[in-house]
Every structure is written in C-alpha cells, then in structure tokens.
file query.txt (compact mmCIF, C-alpha atoms)
# COMPACT_ATOMS: atom_id res chain seq x y z
CA MET O 23 0.00 0.00 0.00
CA PRO O 24 1.53 3.32 -1.02
CA ASP O 25 2.29 5.93 1.55
CA TRP O 26 -0.08 8.57 0.17
CA SER O 27 0.77 11.27 2.66
CA ARG O 28 4.47 10.94 1.88
CA THR O 29 3.83 11.00 -1.87
CA SER O 30 1.66 14.05 -1.55
CA LEU O 31 4.25 15.77 0.55
CA GLU O 32 6.97 15.00 -1.96
CA LEU O 33 4.79 16.34 -4.74
CA ILE O 34 4.20 19.53 -2.83
CA VAL O 35 7.90 19.93 -2.08
CA GLN O 36 8.77 19.22 -5.68
CA GLU O 37 6.27 21.83 -6.85
CA LEU O 38 7.57 24.39 -4.36
CA GLN O 39 11.14 23.76 -5.46
CA ARG O 40 10.30 24.26 -9.12
CA PRO O 41 12.06 27.42 -10.36
CA VAL O 42 9.66 30.18 -11.32
CA ARG O 43 10.59 32.94 -13.72
CA PHE O 44 9.14 36.39 -13.40
CA ASP O 45 9.22 39.13 -15.97
CA GLU O 46 11.44 42.16 -15.32
CA SER O 47 8.62 44.35 -14.09
CA PHE O 48 7.51 41.84 -11.45
CA ASP O 49 9.54 43.30 -8.59
CA ARG O 50 8.33 46.79 -9.34
CA ARG O 51 4.70 45.77 -9.55
CA VAL O 52 4.90 43.80 -6.33
CA MET O 53 6.52 46.67 -4.45
CA VAL O 54 3.99 49.19 -5.75
CA ALA O 55 1.16 46.89 -4.62
CA VAL O 56 2.79 46.25 -1.25
CA ARG O 57 3.35 49.95 -0.62
CA ARG O 58 -0.18 50.81 -1.66
CA SER O 59 -1.59 48.11 0.58
CA TYR O 60 0.69 49.21 3.41
CA ALA O 61 -0.35 52.83 3.06
CA GLU O 62 -4.04 52.00 2.92
CA ARG O 63 -4.27 49.39 5.67
CA ARG O 64 -1.45 50.05 8.09
CA PRO O 65 -2.84 51.02 11.47
CA ARG O 66 -1.08 54.05 12.90
CA GLY O 67 1.66 53.42 15.42
CA ALA O 68 3.34 50.35 16.76
CA ALA O 69 0.11 49.07 18.30
CA GLY O 70 -1.16 48.21 14.85
CA TRP O 71 1.78 45.93 14.15
CA ILE O 72 1.51 44.27 17.54
CA GLY O 73 -2.20 43.75 17.03
CA ALA O 74 -1.56 42.20 13.62
CA ALA O 75 0.98 39.80 15.12
CA VAL O 76 -1.37 38.70 17.89
CA HIS O 77 -4.09 38.10 15.33
CA MET O 78 -1.76 35.83 13.37
CA THR O 79 -1.10 33.56 16.34
CA ARG O 80 -4.78 32.75 16.63
CA ARG O 81 -4.85 31.17 13.20
CA PRO O 82 -4.31 27.46 12.57
CA ALA O 83 -0.83 26.19 11.90
CA TYR O 84 -1.33 25.88 8.16
CA ALA O 85 -2.30 29.51 7.95
CA ALA O 86 0.90 30.44 9.76
CA ALA O 87 2.88 28.35 7.30
CA LEU O 88 1.13 30.05 4.41
CA ALA O 89 1.84 33.44 5.91
CA ALA O 90 5.51 32.51 6.32
CA GLY O 91 5.61 31.54 2.66
CA VAL O 92 4.06 34.85 1.64
CA VAL O 93 6.55 36.73 3.81
CA ALA O 94 9.39 34.77 2.22
CA VAL O 95 8.20 35.59 -1.30
CA VAL O 96 7.73 39.26 -0.47
CA THR O 97 11.13 39.36 1.24
CA VAL O 98 12.80 37.85 -1.80
CA GLY O 99 11.05 40.45 -3.93
CA MET O 100 12.22 43.25 -1.63
CA LEU O 101 15.79 42.01 -1.60
CA ARG O 102 15.84 41.71 -5.36
CA SER O 103 14.45 45.18 -5.83
CA ARG O 104 16.78 46.89 -3.36
CA PRO O 105 19.33 48.02 -5.95
CA GLU O 106 16.64 50.17 -7.53
CA THR O 107 15.09 51.38 -4.31
CA VAL O 108 16.52 54.02 -2.04
CA ALA O 109 15.15 54.89 1.36
CA GLY O 110 11.61 54.09 0.35
CA ASN O 111 11.86 56.12 -2.85
CA GLU O 112 11.19 54.13 -5.93
CA SER O 113 13.69 54.57 -8.74
CA ILE O 114 12.40 55.28 -12.20
CA PRO O 115 14.36 54.39 -15.34
CA VAL O 116 15.53 57.60 -16.99
CA GLN O 117 17.19 57.74 -20.39
CA PHE O 118 20.08 60.17 -20.72
CA VAL O 119 21.13 61.09 -24.24
CA LEU O 120 23.95 63.27 -25.52
CA VAL O 121 24.87 63.79 -29.15
CA ALA O 122 28.66 64.00 -29.22
CA PRO O 123 30.12 62.59 -32.45
CA GLU O 124 33.70 63.39 -31.48
CA ALA O 125 33.54 61.99 -27.96
CA ARG O 126 35.52 58.93 -26.93
CA SER O 127 33.64 58.49 -23.65
CA VAL O 128 30.63 60.02 -21.95
CA THR O 129 29.37 59.52 -18.40
CA VAL O 130 26.45 61.08 -16.60
CA VAL O 131 27.23 62.30 -13.12
CA GLY O 132 24.85 63.83 -10.62
CA ASP O 133 23.09 63.87 -7.30
CA PHE O 134 21.52 60.49 -8.00
CA ASN O 135 24.90 58.76 -8.05
CA ASN O 136 26.56 61.18 -5.64
CA TRP O 137 28.68 62.53 -8.45
CA GLY O 138 30.56 59.29 -8.90
CA LEU O 139 32.64 59.97 -11.99
CA GLY O 140 32.64 56.47 -13.41
CA ASP O 141 29.35 55.16 -12.13
CA THR O 142 27.09 55.65 -15.15
CA ALA O 143 28.67 55.43 -18.59
CA LEU O 144 26.77 56.18 -21.78
CA VAL O 145 27.26 54.04 -24.87
CA ALA O 146 27.10 55.02 -28.52
CA GLU O 147 25.40 52.26 -30.46
CA ASN O 148 27.13 51.74 -33.83
CA HIS O 149 29.46 54.62 -32.96
CA ASN O 150 27.08 57.10 -34.55
CA GLY O 151 27.72 59.79 -31.97
CA VAL O 152 24.42 59.40 -30.14
CA TRP O 153 25.40 58.42 -26.63
CA SER O 154 22.76 57.09 -24.28
CA VAL O 155 22.10 55.12 -21.14
CA SER O 156 18.99 54.21 -19.23
CA ALA O 157 19.58 54.43 -15.49
CA PRO O 158 17.32 54.11 -12.45
CA VAL O 159 16.96 57.46 -10.71
CA PRO O 160 15.15 57.93 -7.38
CA ALA O 161 12.12 60.20 -7.35
CA GLY O 162 13.06 63.77 -6.59
CA VAL O 163 14.98 66.68 -8.04
CA HIS O 164 18.53 66.06 -9.18
CA ARG O 165 21.38 68.17 -10.48
CA TYR O 166 23.59 66.46 -13.07
CA ALA O 167 25.96 66.93 -15.99
CA PHE O 168 27.71 64.91 -18.66
CA LEU O 169 31.45 64.36 -18.48
CA VAL O 170 32.92 64.00 -21.97
CA ASN O 171 36.27 62.29 -22.45
CA GLY O 172 36.79 62.40 -18.70
CA LYS O 173 37.49 66.13 -18.63
CA GLN O 174 34.85 68.29 -20.30
CA TRP O 175 31.64 69.08 -18.40
CA VAL O 176 28.56 69.50 -20.57
CA ALA O 177 25.03 70.38 -19.46
CA ASP O 178 22.17 68.36 -20.95
CA PRO O 179 21.01 70.56 -23.84
CA THR O 180 17.49 69.13 -23.63
CA ALA O 181 16.96 69.70 -19.90
CA PRO O 182 16.36 72.70 -17.66
CA ARG O 183 19.50 74.38 -16.46
CA ALA O 184 20.47 74.10 -12.85
CA ALA O 185 20.85 77.64 -11.63
CA GLY O 186 24.33 78.78 -10.78
CA ASP O 187 27.68 77.32 -11.64
CA ASP O 188 29.30 77.32 -8.22
CA PHE O 189 32.24 75.39 -9.55
CA GLY O 190 32.56 77.06 -12.94
CA GLN O 191 30.89 74.22 -14.82
CA PRO O 192 27.39 73.93 -16.25
CA SER O 193 24.83 71.47 -14.95
CA SER O 194 21.22 70.51 -15.56
CA ALA O 195 18.17 69.80 -13.44
CA LEU O 196 16.04 66.69 -13.53
CA VAL O 197 12.75 66.15 -11.72
CA VAL O 198 11.67 62.53 -11.40
CA GLU O 199 8.14 61.95 -10.22
CA GLY O 200 7.32 58.95 -8.07
CA SER O 201 4.91 56.39 -9.51
CA ALA O 202 2.40 57.17 -6.81
CA GLU O 203 2.04 60.75 -7.96
CA MET A 10 24.40 53.01 -11.69
CA ARG A 11 25.29 52.52 -8.07
CA SER A 12 22.69 54.70 -6.51
CA ARG A 13 22.14 52.30 -3.62
CA THR A 14 25.84 52.27 -2.77
CA ALA A 15 26.10 56.00 -3.22
CA ARG A 16 23.08 56.69 -1.06
CA GLY A 17 24.46 54.26 1.48
CA PHE A 18 27.64 56.28 1.68
CA LEU A 19 25.59 59.43 2.02
CA THR A 20 23.52 57.99 4.83
CA VAL A 21 26.60 56.75 6.64
CA ALA A 22 28.18 60.14 6.14
CA LEU A 23 25.23 61.98 7.54
CA LEU A 24 24.82 59.70 10.50
CA ALA A 25 28.47 59.31 11.40
CA GLY A 26 29.59 62.80 10.54
CA ALA A 27 31.09 62.99 7.07
CA PHE A 28 33.80 65.36 8.07
CA GLY A 29 34.63 63.99 11.49
CA SER A 30 37.24 61.48 12.52
CA ALA A 31 39.06 59.55 9.84
CA GLU A 32 37.24 56.32 10.61
CA ALA A 33 33.85 58.01 10.37
CA GLN A 34 34.58 59.78 7.11
CA ASP A 35 32.57 59.32 3.97
CA PRO A 36 34.63 57.12 1.61
CA ARG A 37 33.90 59.50 -1.26
CA ILE A 38 35.40 62.36 0.67
CA GLY A 39 38.29 60.46 2.23
CA ASN A 40 41.37 62.62 2.33
CA ARG A 41 40.35 64.81 -0.57
CA LEU A 42 39.47 67.70 1.73
CA ASP A 43 41.98 69.34 4.02
CA ALA A 44 41.34 69.69 7.74
CA PRO A 45 40.17 73.35 7.71
CA THR A 46 37.70 72.57 4.93
CA ARG A 47 36.36 69.54 6.75
CA LYS A 48 35.97 71.58 9.90
CA ALA A 49 34.13 74.38 8.09
CA LEU A 50 31.83 71.95 6.29
CA SER A 51 31.13 70.05 9.47
CA ALA A 52 30.10 73.27 11.20
CA LEU A 53 27.83 74.20 8.28
CA VAL A 54 26.15 70.82 8.23
CA ASP A 55 25.67 70.82 12.00
CA SER A 56 24.24 74.31 11.87
CA ALA A 57 21.86 73.39 9.05
CA ARG A 58 20.73 70.27 10.87
CA ALA A 59 20.12 72.25 14.06
CA SER A 60 17.95 74.75 12.22
CA GLY A 61 15.94 72.06 10.45
CA VAL A 62 17.43 72.54 7.00
CA PRO A 63 17.82 69.22 5.14
CA VAL A 64 21.49 68.33 4.96
CA GLU A 65 21.39 65.82 2.11
CA PRO A 66 21.48 68.57 -0.57
CA LEU A 67 24.50 70.05 1.19
CA MET A 68 26.34 66.74 0.96
CA GLU A 69 25.41 66.49 -2.71
CA LYS A 70 26.94 69.92 -3.23
CA VAL A 71 30.16 68.71 -1.61
CA TYR A 72 30.22 65.69 -3.93
CA GLN A 73 29.59 67.92 -6.92
CA GLY A 74 32.46 70.18 -5.96
CA LEU A 75 34.81 67.26 -5.52
CA ALA A 76 33.76 65.74 -8.84
CA MET A 77 34.31 69.05 -10.61
CA GLY A 78 37.73 69.49 -9.08
CA ALA A 79 36.91 72.50 -6.91
CA ASP A 80 39.22 73.35 -4.05
CA GLY A 81 38.14 73.32 -0.42
CA PRO A 82 37.41 77.02 0.07
CA ARG A 83 35.26 77.09 -3.06
CA ILE A 84 33.25 74.11 -1.86
CA VAL A 85 32.74 75.75 1.52
CA VAL A 86 31.48 78.93 -0.16
CA ALA A 87 29.05 76.95 -2.33
CA VAL A 88 27.73 74.92 0.60
CA ARG A 89 27.35 78.02 2.76
CA LYS A 90 25.44 79.74 -0.04
CA LEU A 91 23.17 76.74 -0.49
CA THR A 92 22.52 76.58 3.26
CA VAL A 93 21.40 80.21 3.29
CA GLU A 94 19.25 79.75 0.18
CA MET A 95 17.56 76.66 1.59
CA ALA A 96 16.97 78.37 4.92
CA ASN A 97 15.39 81.33 3.12
CA ALA A 98 13.23 78.99 1.09
CA GLN A 99 12.17 77.09 4.18
CA ARG A 100 11.26 80.30 5.95
CA VAL A 101 8.74 81.25 3.26
CA LEU A 102 7.52 77.79 2.28
CA GLY A 103 7.08 76.52 5.80
CA THR A 104 7.66 73.13 7.30
CA VAL A 105 5.26 71.48 4.88
CA ALA A 106 7.79 71.89 2.07
CA THR A 107 9.57 68.70 1.09
CA THR A 108 13.32 68.43 0.72
CA ASP A 109 12.89 68.37 -3.06
CA GLU A 110 10.78 71.51 -2.99
CA LEU A 111 13.36 73.25 -0.83
CA LYS A 112 16.13 72.14 -3.13
CA ALA A 113 14.29 73.43 -6.20
CA ALA A 114 13.32 76.62 -4.37
CA ALA A 115 16.93 77.19 -3.37
CA SER A 116 17.87 76.86 -7.01
CA ALA A 117 15.33 79.55 -7.92
CA VAL A 118 16.62 81.80 -5.14
CA HIS A 119 20.14 81.20 -6.44
CA ALA A 120 18.98 82.33 -9.90
CA GLY A 121 17.78 85.60 -8.40
CA VAL A 122 14.11 84.97 -7.57
CA PRO A 123 13.14 86.60 -4.25
CA ALA A 124 12.12 83.95 -1.73
CA VAL A 125 8.92 85.86 -1.02
CA GLU A 126 7.76 85.14 -4.60
CA LEU A 127 8.12 81.44 -3.94
CA GLY A 128 6.10 81.79 -0.76
CA LYS A 129 3.28 83.45 -2.70
CA MET A 130 3.24 80.57 -5.17
CA LYS A 131 3.10 78.01 -2.40
CA LYS A 132 0.26 79.83 -0.73
CA GLN A 133 -1.59 80.11 -4.02
CA SER A 134 -1.14 76.50 -5.00
CA GLY A 135 -2.17 74.91 -1.72
CA LEU A 136 -0.29 72.52 0.46
CA ARG A 137 -0.82 69.37 -1.55
CA ARG A 138 0.57 70.63 -4.87
CA SER A 139 4.30 69.98 -5.12
CA LEU A 140 6.11 72.95 -6.60
CA THR A 141 9.37 71.11 -7.21
CA LEU A 142 9.03 71.23 -10.98
CA PRO A 143 7.59 74.78 -11.20
CA PHE A 144 10.49 76.07 -9.09
CA THR A 145 12.97 74.16 -11.26
CA VAL A 146 11.50 75.67 -14.44
CA LEU A 147 11.47 79.11 -12.82
CA ALA A 148 15.18 78.83 -12.08
CA ASP A 149 15.83 77.64 -15.63
CA ILE A 150 14.05 80.43 -17.49
CA VAL A 151 15.55 83.11 -15.24
CA SER A 152 19.01 81.69 -15.96
CA ARG A 153 18.17 81.91 -19.68
CA GLY A 154 17.57 85.63 -19.40
CA VAL A 155 13.85 85.94 -18.69
CA PRO A 156 13.44 88.83 -16.23
CA VAL A 157 12.71 87.60 -12.71
CA GLN A 158 9.30 89.26 -12.43
CA THR A 159 8.20 88.05 -15.86
CA ALA A 160 9.31 84.52 -15.03
CA ALA A 161 7.64 84.56 -11.62
CA ASN A 162 4.39 85.88 -13.11
CA ALA A 163 4.47 83.20 -15.79
CA ILE A 164 4.95 80.33 -13.35
CA ARG A 165 2.35 81.77 -10.98
CA SER A 166 -0.13 81.99 -13.88
CA LEU A 167 0.53 78.39 -14.82
CA VAL A 168 0.23 77.08 -11.29
CA GLY A 169 -2.86 79.22 -10.69
CA ALA A 170 -4.48 77.88 -13.86
CA GLY A 171 -4.01 74.35 -12.61
CA ALA A 172 -1.30 73.47 -15.11
CA ARG A 173 0.21 70.08 -14.50
CA ASP A 174 3.92 69.40 -14.34
CA ARG A 175 4.00 68.16 -17.91
CA ASP A 176 2.37 71.39 -19.11
CA ILE A 177 4.98 73.42 -17.24
CA SER A 178 7.76 71.24 -18.68
CA GLU A 179 6.40 71.86 -22.16
CA PHE A 180 6.31 75.60 -21.45
CA GLN A 181 9.98 75.43 -20.44
CA ARG A 182 10.95 73.55 -23.60
CA ASN A 183 9.09 76.02 -25.79
CA VAL A 184 10.70 79.02 -24.12
CA GLN A 185 14.12 77.39 -24.43
CA VAL A 186 13.66 76.66 -28.13
CA ASP A 187 12.35 80.18 -28.80
CA ILE A 188 15.34 81.74 -27.06
CA GLU A 189 17.79 79.46 -28.86
CA LYS A 190 16.20 80.54 -32.15
CA GLY A 191 16.85 84.16 -31.26
CA ALA A 192 13.71 85.32 -29.49
CA GLN A 193 13.91 87.87 -26.71
CA PRO A 194 13.65 85.87 -23.45
CA GLN A 195 10.93 88.09 -22.03
CA ALA A 196 8.85 87.93 -25.20
CA ALA A 197 9.29 84.16 -25.39
CA ALA A 198 8.06 83.66 -21.83
CA GLU A 199 5.15 86.08 -22.12
CA THR A 200 3.99 84.56 -25.39
CA ARG A 201 4.36 80.94 -24.40
CA VAL A 202 2.60 81.33 -21.08
CA LYS A 203 -0.51 82.58 -22.88
CA GLY A 204 -0.65 79.38 -24.88
CA ALA A 205 0.13 77.17 -21.92
CA VAL A 206 -2.63 78.46 -19.64
CA THR A 207 -5.27 78.00 -22.35
CA THR A 208 -4.33 74.44 -23.35
CA PRO A 209 -7.03 71.88 -22.61
CA SER A 210 -4.73 69.75 -20.45
CA ALA A 211 -4.35 72.61 -17.99
CA ARG A 212 -8.06 72.84 -17.23
CA PRO A 213 -9.18 69.58 -15.60
CA GLU A 214 -6.74 69.82 -12.70
CA LYS A 215 -7.96 73.33 -12.00
CA ARG A 216 -11.51 72.06 -11.74
CA GLU A 217 -10.34 69.30 -9.41
CA GLN A 218 -8.65 71.82 -7.16
CA GLU A 219 -11.71 74.01 -7.06
call {"tool": "encode", "arguments": {"input": "query.txt", "output": "structure tokens"}}
result
Amino acid sequence: MPDWSRTSLELIVQELQRPVRFDESFDRRVMVAVRRSYAERRPRGAAGWIGAAVHMTRRPAYAAALAAGVVAVVTVGMLRSRPETVAGNESIPVQFVLVAPEARSVTVVGDFNNWGLGDTALVAENHNGVWSVSAPVPAGVHRYAFLVNGKQWVADPTAPRAAGDDFGQPSSALVVEGSAE
Amino acid sequence: MRSRTARGFLTVALLAGAFGSAEAQDPRIGNRLDAPTRKALSALVDSARASGVPVEPLMEKVYQGLAMGADGPRIVVAVRKLTVEMANAQRVLGTVATTDELKAAASAVHAGVPAVELGKMKKQSGLRRSLTLPFTVLADIVSRGVPVQTAANAIRSLVGAGARDRDISEFQRNVQVDIEKGAQPQAAAETRVKGAVTTPSARPEKREQE
C-alpha cells in the first residue's frame, strides 16, 4: 500500500522547489502593490503591528505556514528590488542622451549617483555619436551633468539648467516623479 | 548606476559625521578635503541640521564640488550659499515643504528669484501641490535671461491655472527653443505662457482643485 501522505508531501515539495521565472517588471509591480496596501491598511503606530501579530497567532498552523511563505516571497522580492530602491523612494528608469560625435567616452554624473565619476557610462550604439544610457533614478529633483572624455563638463542641452555654476561648470536639473504621484 | 551604494555612503556620512574622525569619514570624501575645509563643512552641516534645513542637498553639493575638481574654500562657499538659500526657502515655504521643494526653491533663489515670490506661489497652489518642478523651471528660465518678475508671473499663472507638471515642462521647452532661435527671453516667456494656460490639459486639474 503506497504511503499517500508521503507521496503528496513530496509532490508539494517538488512543486515548491520548481524554479519560477518572473518578468522584469515583477519586482516593481509587487513593491507598488505592497506599498499601496501598506499605506491603505497600516494602522497608525506600533500598536497596529503588535495587534496584527497577535491576530496571526490565533490562526491554525497551516495559515501560519502560508503566511511565512508569503513573507518569504515578499522578502525575496524586496531584496531583489533593493538596488533600484533608495530609502523608500522608488527609482524610475531615466534615459540620458547626448549627441557628441567626437567623444571617446561620456558619463552622466549627478546627485543620484553622488557625483561618482565612473558610475554611469553612456554608450554610442554603432558609434554614430548618439550616446545614451537608461539608469534608475530615485524620485526627486537632481542636479547632473555629462562628463565627456573624462574632462569636459557639458550640461544636458534638452533639460532645464540648474541655476548657478558654483564650480565654474554647467549642470542641468532633472525632476523625477514617483509612480504614486 | 550605483545609486544604492552612493546613497548608502551618504547615509553613513550623515549619520556618522562625514567630516569627522578619519574612521567616520565618507569614503567618497576620504582625504580629498583638508582639515580646515572639513571643519568648516562640518560646522555648516551641523548648523543646518540644528535649524531644520535638510542636509542631504549640502552633501550632494560637496560631492559635486569634488567631482568638478573644486578646491576646499570654493566648496565651503558653495555649501554656505546653499545653506542660506535653503533656509530662506524654508522660511517662506514653511515646514510642509519637502526636501525636493526646498532644493528646487533654493535653485530659484540662487537664480535671483526673491524667496517671497516662492512663498506666494506656495500659498496660491495649496499645500498638496508639489512645486518642485515649477520652481525648477522658474530657475531655468531666469538663468536663460527671462526677467525675474516676468518669469515669476508666468509660473504663478501656470500654477494658478491648474497646469500640471508636464504642461509646465512643455512651457519650459518652448521658451528654451524660442530663445535658442533668437527670441527675446521676455517675449518668449510672455507669449508661451498665454498658450500654456489655455491648453485643454491645464483645465481639468484646475476644476479638481476648485
């Protein structure tokens, strides 16, 4: 006589271990939904969290296991999305473009990468002089500039100017709206 | 893009004191600033923090100066200027203003817009409307030669008409193109604002606000 409970358990384990592929926007959609749900349902103050925890303990064991699974999935999603998320601000992909036919290298440097000179390099597809990169930028207002050939600062000709050139170099302003707005 | 790492450094810097002891220093600053500069910047940041001015934009200004090869005294001057501009902006916008709004407002003040003009706009627009983009555009068109009062009137008209951020961005692009084609900055702004406040997309939001 087959051990049905064991077979069922193995089937469940096998199913749970099966790798699942998500599309690239999955993390973002999950986090938007989680934040929306959090904002709408979260009781104010620590008492709400404590109350929620107490409520959980009254459920049957299988419900607790299910909840643990959900927490694990959400945690994995959060960990995977961390590189594009800063201090609760969602990052939005922004395309930076500079037409510079004579350039050998172009990077975009600004508040969003703390002015790290080599952090965000643009590429010129087919070497046609149109340099571009799509980079995640946190919601907010940012000052930035292009650095051409590692020495020449160039403002983005298609963006608003950032007022003032405190350091004798031009820069531009970028306003990135959060998805919730 | 290493925004997470960069922001991590910034957070560590702000919490530990970016300009303090060697072990607490921000890795991006390291030994690139001399002791007097670090001391001056530390005092500025502490002062800003004590008066409620957000310090993250000040750190960003330090990073910008370092990236652009500025020397210590020049960075100190720029940070001090930004601190004053943000404090002025905060005084007129109130505590409801976000860090981004203050940053954009400081940029407008830097361009020459009196802080009181920004306060009027905030009062007119209501507390819920973010003026980050309008202030950014205001700073831009002033820096392109549009007289301060003309620019302020234009942005106030747009905000008052319920123009959305994308309408105001389009206004900025149009003014920029007109000026680059040779138009007088004042004429470009005055003409383009008339079109912008009468566009259909500007109207629904106004009704919602009312």
call {"tool": "interface_residues", "arguments": {"input": "query.txt", "of": "chain O", "to": "chain A", "cutoff": "6 Å", "atoms": "all atoms listed in the file", "output": "ChimeraX atom specification"}}
result
/O:105,133,135-137,141-142,162-163,182-183,185,188
call {"tool": "residues_around", "arguments": {"input": "query.txt", "residues": "region 146-155 of chain O", "least_positions_apart": "2", "cutoff": "12 Å", "atoms": "all atoms listed in the file", "output": "PyMOL selection string"}}
result
(chain O and resi 115-131+141-144+157-159+168-170+178) or (chain A and resi 10)
call {"tool": "residues_around", "arguments": {"input": "query.txt", "residues": "Val168 (chain A)", "least_positions_apart": "5", "cutoff": "10 Å", "atoms": "all atoms listed in the file", "output": "list in words"}}
result
Met130, Lys131, Gln133, Ser134, Arg138, Leu140, Pro143, Asn162, Ala163, Arg173, Asp174, Asp176, Ile177, Val206, Ala211 and Lys215 of chain A
call {"tool": "atom_distance", "arguments": {"input": "query.txt", "atom1": "CA of Gly132 (chain O)", "atom2": "CA of Gly128 (chain A)"}}
result
27.8 Å
call {"tool": "atom_distance", "arguments": {"input": "query.txt", "atom1": "CA of Val105 (chain A)", "atom2": "CA of Arg137 (chain A)"}}
result
9.1 Å
call {"tool": "atom_distance", "arguments": {"input": "query.txt", "atom1": "CA of Glu112 (chain O)", "atom2": "CA of Glu199 (chain O)"}}
result
9.4 Å
call {"tool": "residues_around", "arguments": {"input": "query.txt", "residues": "Asn183 (chain A)", "least_positions_apart": "6", "cutoff": "9 Å", "atoms": "only C-alpha atoms", "output": "PyMOL selection string"}}
result
chain A and resi 197-198+201
call {"tool": "closest_residue", "arguments": {"input": "query.txt", "among": "A:Val184, A:Val54, A:Val202, A:Ala96", "to": "Leu167 (chain A)", "atoms": "only C-alpha atoms"}}
result
A:Val202
call {"tool": "residues_near_point", "arguments": {"input": "query.txt", "point": "(11.5, 87.6, -23.0)", "cutoff": "9 Å", "atoms": "all atoms listed in the file", "output": "ChimeraX atom specification"}}
result
/A:154-156,159-160,184,188,192-200
call {"tool": "decode", "arguments": {"input": "query.txt", "residues": "region 163-187 of chain A", "atoms": "N, CA and C atoms", "output": "mmCIF file, in the first residue's frame"}}
result
data_model
loop_
_atom_site.group_PDB
_atom_site.id
_atom_site.type_symbol
_atom_site.label_atom_id
_atom_site.label_comp_id
_atom_site.auth_asym_id
_atom_site.auth_seq_id
_atom_site.Cartn_x
_atom_site.Cartn_y
_atom_site.Cartn_z
ATOM 1 N N ALA A 163 4.819 84.292 -14.878
ATOM 2 C CA ALA A 163 4.468 83.196 -15.788
ATOM 3 C C ALA A 163 4.208 81.906 -15.006
ATOM 4 N N ILE A 164 5.108 81.585 -14.111
ATOM 5 C CA ILE A 164 4.949 80.334 -13.348
ATOM 6 C C ILE A 164 3.726 80.428 -12.430
ATOM 7 N N ARG A 165 3.520 81.616 -11.851
ATOM 8 C CA ARG A 165 2.353 81.768 -10.982
ATOM 9 C C ARG A 165 1.059 81.612 -11.785
ATOM 10 N N SER A 166 1.061 82.149 -13.024
ATOM 11 C CA SER A 166 -0.127 81.988 -13.877
ATOM 12 C C SER A 166 -0.388 80.517 -14.172
ATOM 13 N N LEU A 167 0.687 79.809 -14.490
ATOM 14 C CA LEU A 167 0.534 78.393 -14.825
ATOM 15 C C LEU A 167 0.020 77.596 -13.633
ATOM 16 N N VAL A 168 0.639 77.820 -12.491
ATOM 17 C CA VAL A 168 0.228 77.079 -11.293
ATOM 18 C C VAL A 168 -1.215 77.456 -10.927
ATOM 19 N N GLY A 169 -1.509 78.750 -11.024
ATOM 20 C CA GLY A 169 -2.856 79.219 -10.688
ATOM 21 C C GLY A 169 -3.915 78.677 -11.628
ATOM 22 N N ALA A 170 -3.524 78.418 -12.882
ATOM 23 C CA ALA A 170 -4.476 77.883 -13.860
ATOM 24 C C ALA A 170 -4.608 76.369 -13.745
ATOM 25 N N GLY A 171 -3.903 75.802 -12.801
ATOM 26 C CA GLY A 171 -4.007 74.351 -12.615
ATOM 27 C C GLY A 171 -3.162 73.553 -13.586
ATOM 28 N N ALA A 172 -2.167 74.196 -14.173
ATOM 29 C CA ALA A 172 -1.301 73.473 -15.110
ATOM 30 C C ALA A 172 -0.577 72.344 -14.393
ATOM 31 N N ARG A 173 -0.507 71.212 -15.079
ATOM 32 C CA ARG A 173 0.212 70.078 -14.499
ATOM 33 C C ARG A 173 1.692 70.190 -14.814
ATOM 34 N N ASP A 174 2.469 69.335 -14.152
ATOM 35 C CA ASP A 174 3.924 69.396 -14.340
ATOM 36 C C ASP A 174 4.310 69.242 -15.809
ATOM 37 N N ARG A 175 3.611 68.359 -16.504
ATOM 38 C CA ARG A 175 4.002 68.155 -17.908
ATOM 39 C C ARG A 175 3.709 69.394 -18.757
ATOM 40 N N ASP A 176 2.659 70.146 -18.389
ATOM 41 C CA ASP A 176 2.372 71.394 -19.106
ATOM 42 C C ASP A 176 3.483 72.414 -18.849
ATOM 43 N N ILE A 177 3.931 72.456 -17.607
ATOM 44 C CA ILE A 177 4.976 73.417 -17.244
ATOM 45 C C ILE A 177 6.310 73.020 -17.875
ATOM 46 N N SER A 178 6.550 71.712 -17.988
ATOM 47 C CA SER A 178 7.758 71.244 -18.682
ATOM 48 C C SER A 178 7.718 71.637 -20.158
ATOM 49 N N GLU A 179 6.545 71.501 -20.744
ATOM 50 C CA GLU A 179 6.404 71.865 -22.159
ATOM 51 C C GLU A 179 6.613 73.361 -22.353
ATOM 52 N N PHE A 180 6.094 74.143 -21.423
ATOM 53 C CA PHE A 180 6.310 75.596 -21.449
ATOM 54 C C PHE A 180 7.807 75.894 -21.414
ATOM 55 N N GLN A 181 8.526 75.211 -20.535
ATOM 56 C CA GLN A 181 9.976 75.430 -20.437
ATOM 57 C C GLN A 181 10.675 75.097 -21.754
ATOM 58 N N ARG A 182 10.302 73.956 -22.340
ATOM 59 C CA ARG A 182 10.954 73.550 -23.602
ATOM 60 C C ARG A 182 10.677 74.572 -24.700
ATOM 61 N N ASN A 183 9.438 75.044 -24.761
ATOM 62 C CA ASN A 183 9.087 76.021 -25.795
ATOM 63 C C ASN A 183 9.866 77.321 -25.624
ATOM 64 N N VAL A 184 9.949 77.772 -24.378
ATOM 65 C CA VAL A 184 10.697 79.018 -24.120
ATOM 66 C C VAL A 184 12.165 78.815 -24.493
ATOM 67 N N GLN A 185 12.704 77.681 -24.121
ATOM 68 C CA GLN A 185 14.117 77.386 -24.428
ATOM 69 C C GLN A 185 14.364 77.409 -25.939
ATOM 70 N N VAL A 186 13.485 76.721 -26.667
ATOM 71 C CA VAL A 186 13.658 76.661 -28.131
ATOM 72 C C VAL A 186 13.536 78.060 -28.729
ATOM 73 N N ASP A 187 12.542 78.825 -28.275
ATOM 74 C CA ASP A 187 12.349 80.177 -28.802
ATOM 75 C C ASP A 187 13.596 81.030 -28.576
#
